[in-house]
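Engineer: This is coords-v4.pdb (PDB, C-alpha atoms).
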ATOM      1  CA  MET A 122    -177.889-138.179  60.008  1.00  0.00           C
ATOM      2  CA  SER A 123    -175.031-140.660  60.456  1.00  0.00           C
ATOM      3  CA  THR A 124    -172.490-141.565  57.800  1.00  0.00           C
ATOM      4  CA  VAL A 125    -174.020-145.035  57.523  1.00  0.00           C
ATOM      5  CA  ASP A 126    -177.457-143.499  56.938  1.00  0.00           C
ATOM      6  CA  LEU A 127    -176.050-141.199  54.248  1.00  0.00           C
ATOM      7  CA  ILE A 128    -174.343-144.123  52.497  1.00  0.00           C
ATOM      8  CA  CYS A 129    -177.552-146.163  52.583  1.00  0.00           C
ATOM      9  CA  GLU A 130    -179.629-143.270  51.270  1.00  0.00           C
ATOM     10  CA  LYS A 131    -177.269-142.587  48.379  1.00  0.00           C
ATOM     11  CA  ALA A 132    -176.948-146.307  47.579  1.00  0.00           C
ATOM     12  CA  ARG A 133    -180.744-146.674  47.389  1.00  0.00           C
ATOM     13  CA  ASN A 134    -180.841-144.022  44.659  1.00  0.00           C
ATOM     14  CA  LEU A 135    -178.247-145.781  42.485  1.00  0.00           C
ATOM     15  CA  PRO A 136    -179.159-148.128  39.630  1.00  0.00           C
ATOM     16  CA  GLY A 137    -178.775-151.842  40.462  1.00  0.00           C
ATOM     17  CA  LYS A 138    -175.408-152.266  38.709  1.00  0.00           C
ATOM     18  CA  LEU A 139    -173.929-149.313  40.584  1.00  0.00           C
ATOM     19  CA  GLN A 140    -175.354-150.632  43.862  1.00  0.00           C
ATOM     20  CA  SER A 141    -173.489-153.855  43.173  1.00  0.00           C
ATOM     21  CA  GLU A 142    -170.280-151.921  42.496  1.00  0.00           C
ATOM     22  CA  ALA A 143    -170.750-149.911  45.689  1.00  0.00           C
ATOM     23  CA  LEU A 144    -171.206-153.129  47.660  1.00  0.00           C
ATOM     24  CA  SER A 145    -168.049-154.579  46.117  1.00  0.00           C
ATOM     25  CA  PHE A 146    -166.134-151.448  47.126  1.00  0.00           C
ATOM     26  CA  VAL A 147    -167.421-151.593  50.704  1.00  0.00           C
ATOM     27  CA  GLU A 148    -166.421-155.267  50.888  1.00  0.00           C
ATOM     28  CA  TYR A 149    -162.962-154.363  49.552  1.00  0.00           C
ATOM     29  CA  LEU A 150    -162.571-151.678  52.233  1.00  0.00           C
ATOM     30  CA  SER A 151    -163.577-154.187  54.886  1.00  0.00           C
ATOM     31  CA  ARG A 152    -161.036-156.761  53.661  1.00  0.00           C
ATOM     32  CA  ARG A 153    -158.310-154.121  53.465  1.00  0.00           C
ATOM     33  CA  SER A 154    -159.031-152.997  57.004  1.00  0.00           C
ATOM     34  CA  SER A 155    -158.965-156.593  58.244  1.00  0.00           C
ATOM     35  CA  ALA A 156    -155.678-157.251  56.436  1.00  0.00           C
ATOM     36  CA  GLN A 157    -154.108-154.155  57.985  1.00  0.00           C
ATOM     37  CA  ALA A 158    -155.216-155.219  61.465  1.00  0.00           C
ATOM     38  CA  GLU A 159    -153.865-158.732  60.890  1.00  0.00           C
ATOM     39  CA  ALA A 160    -150.523-157.354  59.668  1.00  0.00           C
ATOM     40  CA  ALA A 161    -150.281-155.137  62.752  1.00  0.00           C
ATOM     41  CA  GLU A 162    -150.943-158.149  64.981  1.00  0.00           C
ATOM     42  CA  TRP A 163    -148.206-160.160  63.220  1.00  0.00           C
ATOM     43  CA  ARG A 164    -145.745-157.253  63.659  1.00  0.00           C
ATOM     44  CA  ARG A 165    -146.608-157.081  67.378  1.00  0.00           C
ATOM     45  CA  LEU A 166    -146.127-160.831  67.748  1.00  0.00           C
ATOM     46  CA  LEU A 167    -142.793-160.667  65.932  1.00  0.00           C
ATOM     47  CA  ARG A 168    -141.537-157.892  68.230  1.00  0.00           C
ATOM     48  CA  GLU A 169    -142.591-159.863  71.305  1.00  0.00           C
ATOM     49  CA  THR A 170    -140.955-163.036  70.004  1.00  0.00           C
ATOM     50  CA  GLN A 171    -137.728-161.266  69.131  1.00  0.00           C
ATOM     51  CA  ALA A 172    -137.640-159.754  72.619  1.00  0.00           C
ATOM     52  CA  LEU A 173    -137.638-163.187  74.289  1.00  0.00           C
ATOM     53  CA  PRO A 174    -134.269-163.984  75.899  1.00  0.00           C
ATOM     54  CA  VAL A 175    -133.868-167.234  73.962  1.00  0.00           C
ATOM     55  CA  ALA A 176    -134.410-165.424  70.653  1.00  0.00           C
ATOM     56  CA  GLN A 177    -131.566-163.042  71.421  1.00  0.00           C
ATOM     57  CA  ARG A 178    -129.113-165.938  71.743  1.00  0.00           C
ATOM     58  CA  ILE A 179    -129.839-167.413  68.309  1.00  0.00           C
ATOM     59  CA  ALA A 180    -127.124-166.602  65.771  1.00  0.00           C
ATOM     60  CA  ASP A 181    -127.532-166.533  62.009  1.00  0.00           C
ATOM     61  CA  GLU A 182    -125.343-169.639  61.852  1.00  0.00           C
ATOM     62  CA  ASP A 183    -127.749-171.485  64.158  1.00  0.00           C
ATOM     63  CA  ILE A 184    -130.662-170.581  61.925  1.00  0.00           C
ATOM     64  CA  ALA A 185    -128.791-171.672  58.792  1.00  0.00           C
ATOM     65  CA  ALA A 186    -127.858-174.985  60.439  1.00  0.00           C
ATOM     66  CA  GLU A 187    -131.473-175.591  61.469  1.00  0.00           C
ATOM     67  CA  ILE A 188    -132.703-174.909  57.929  1.00  0.00           C
ATOM     68  CA  ALA A 189    -130.040-177.190  56.441  1.00  0.00           C
ATOM     69  CA  ALA A 190    -130.947-179.986  58.873  1.00  0.00           C
ATOM     70  CA  HIS A 191    -134.637-179.632  58.017  1.00  0.00           C
ATOM     71  CA  ARG A 192    -133.932-179.728  54.293  1.00  0.00           C
ATOM     72  CA  ALA A 193    -131.781-182.818  54.813  1.00  0.00           C
ATOM     73  CA  GLY A 194    -134.711-184.500  56.542  1.00  0.00           C
ATOM     74  CA  LYS A 195    -133.178-184.604  60.016  1.00  0.00           C
TER      75      LYS A 195
END
Show me the file's structure as structure tokens.

Structural biologist:
Amino acid sequence: MSTVDLICEKARNLPGKLQSEALSFVEYLSRRSSAQAEAAEWRRLLRETQALPVAQRIADEDIAAEIAAHRAGK
């Protein structure tokens, strides 16, 4: 019997309120897994972006100047 089958069998034997709680927990696990995958993708993208030659030539002063210009509406 698969894990999914075991979960379904045990969930069927729970009272309705506990079935609802079990469903909420499964949904939470799904969201957490999705969030972890999304965070990993963002980390990968950041590493790739930082490895670009143009990104290696940007100094902290350049970034600060760009932020200041944006805040000044330029």

Engineer: Hey, could you pull the box centre and edge lengths for stretch 171-190 of chain A, axis-aligned, 6 Å padding per side, all listed atoms, to one decimal in Å, as lines of an AutoDock Vina configuration file?

Structural biologist:
center_x = -131.5
center_y = -169.9
center_z = 66.2
size_x = 24.4
size_y = 32.2
size_z = 31.5

Engineer: Rounded to one decimal place, report the atom CA of A:Arg164-atom CA of A:Ala190 distance in Å.

Structural biologist: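 It comes out at 27.5 Å.
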
Engineer: In Å, rounded to a single decimal, give me how far atom CA of A:Ile184 is from atom CA of A:Thr170.

Structural biologist: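 A separation of 15.1 Å between them.
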
Engineer: Just give me the gap between atom CA of A:Leu173 and atom CA of A:Ala156 in Å, one decimal is fine.

Structural biologist: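 Separation of atom CA of A:Leu173 and atom CA of A:Ala156: 26.1 Å.
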
Engineer: If you count only C-alpha atoms, which residues fall within 12 Å of A:Gln140, apart from same-chain ones fewer than 5 positions away, as a list in words?

Structural biologist: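 Final neighbour list, sorted by chain and number: Ile128, Cys129, Glu130, Lys131, Ala132, Arg133, Asn134, Leu135, Ser145, Phe146 and Val147 of chain A.
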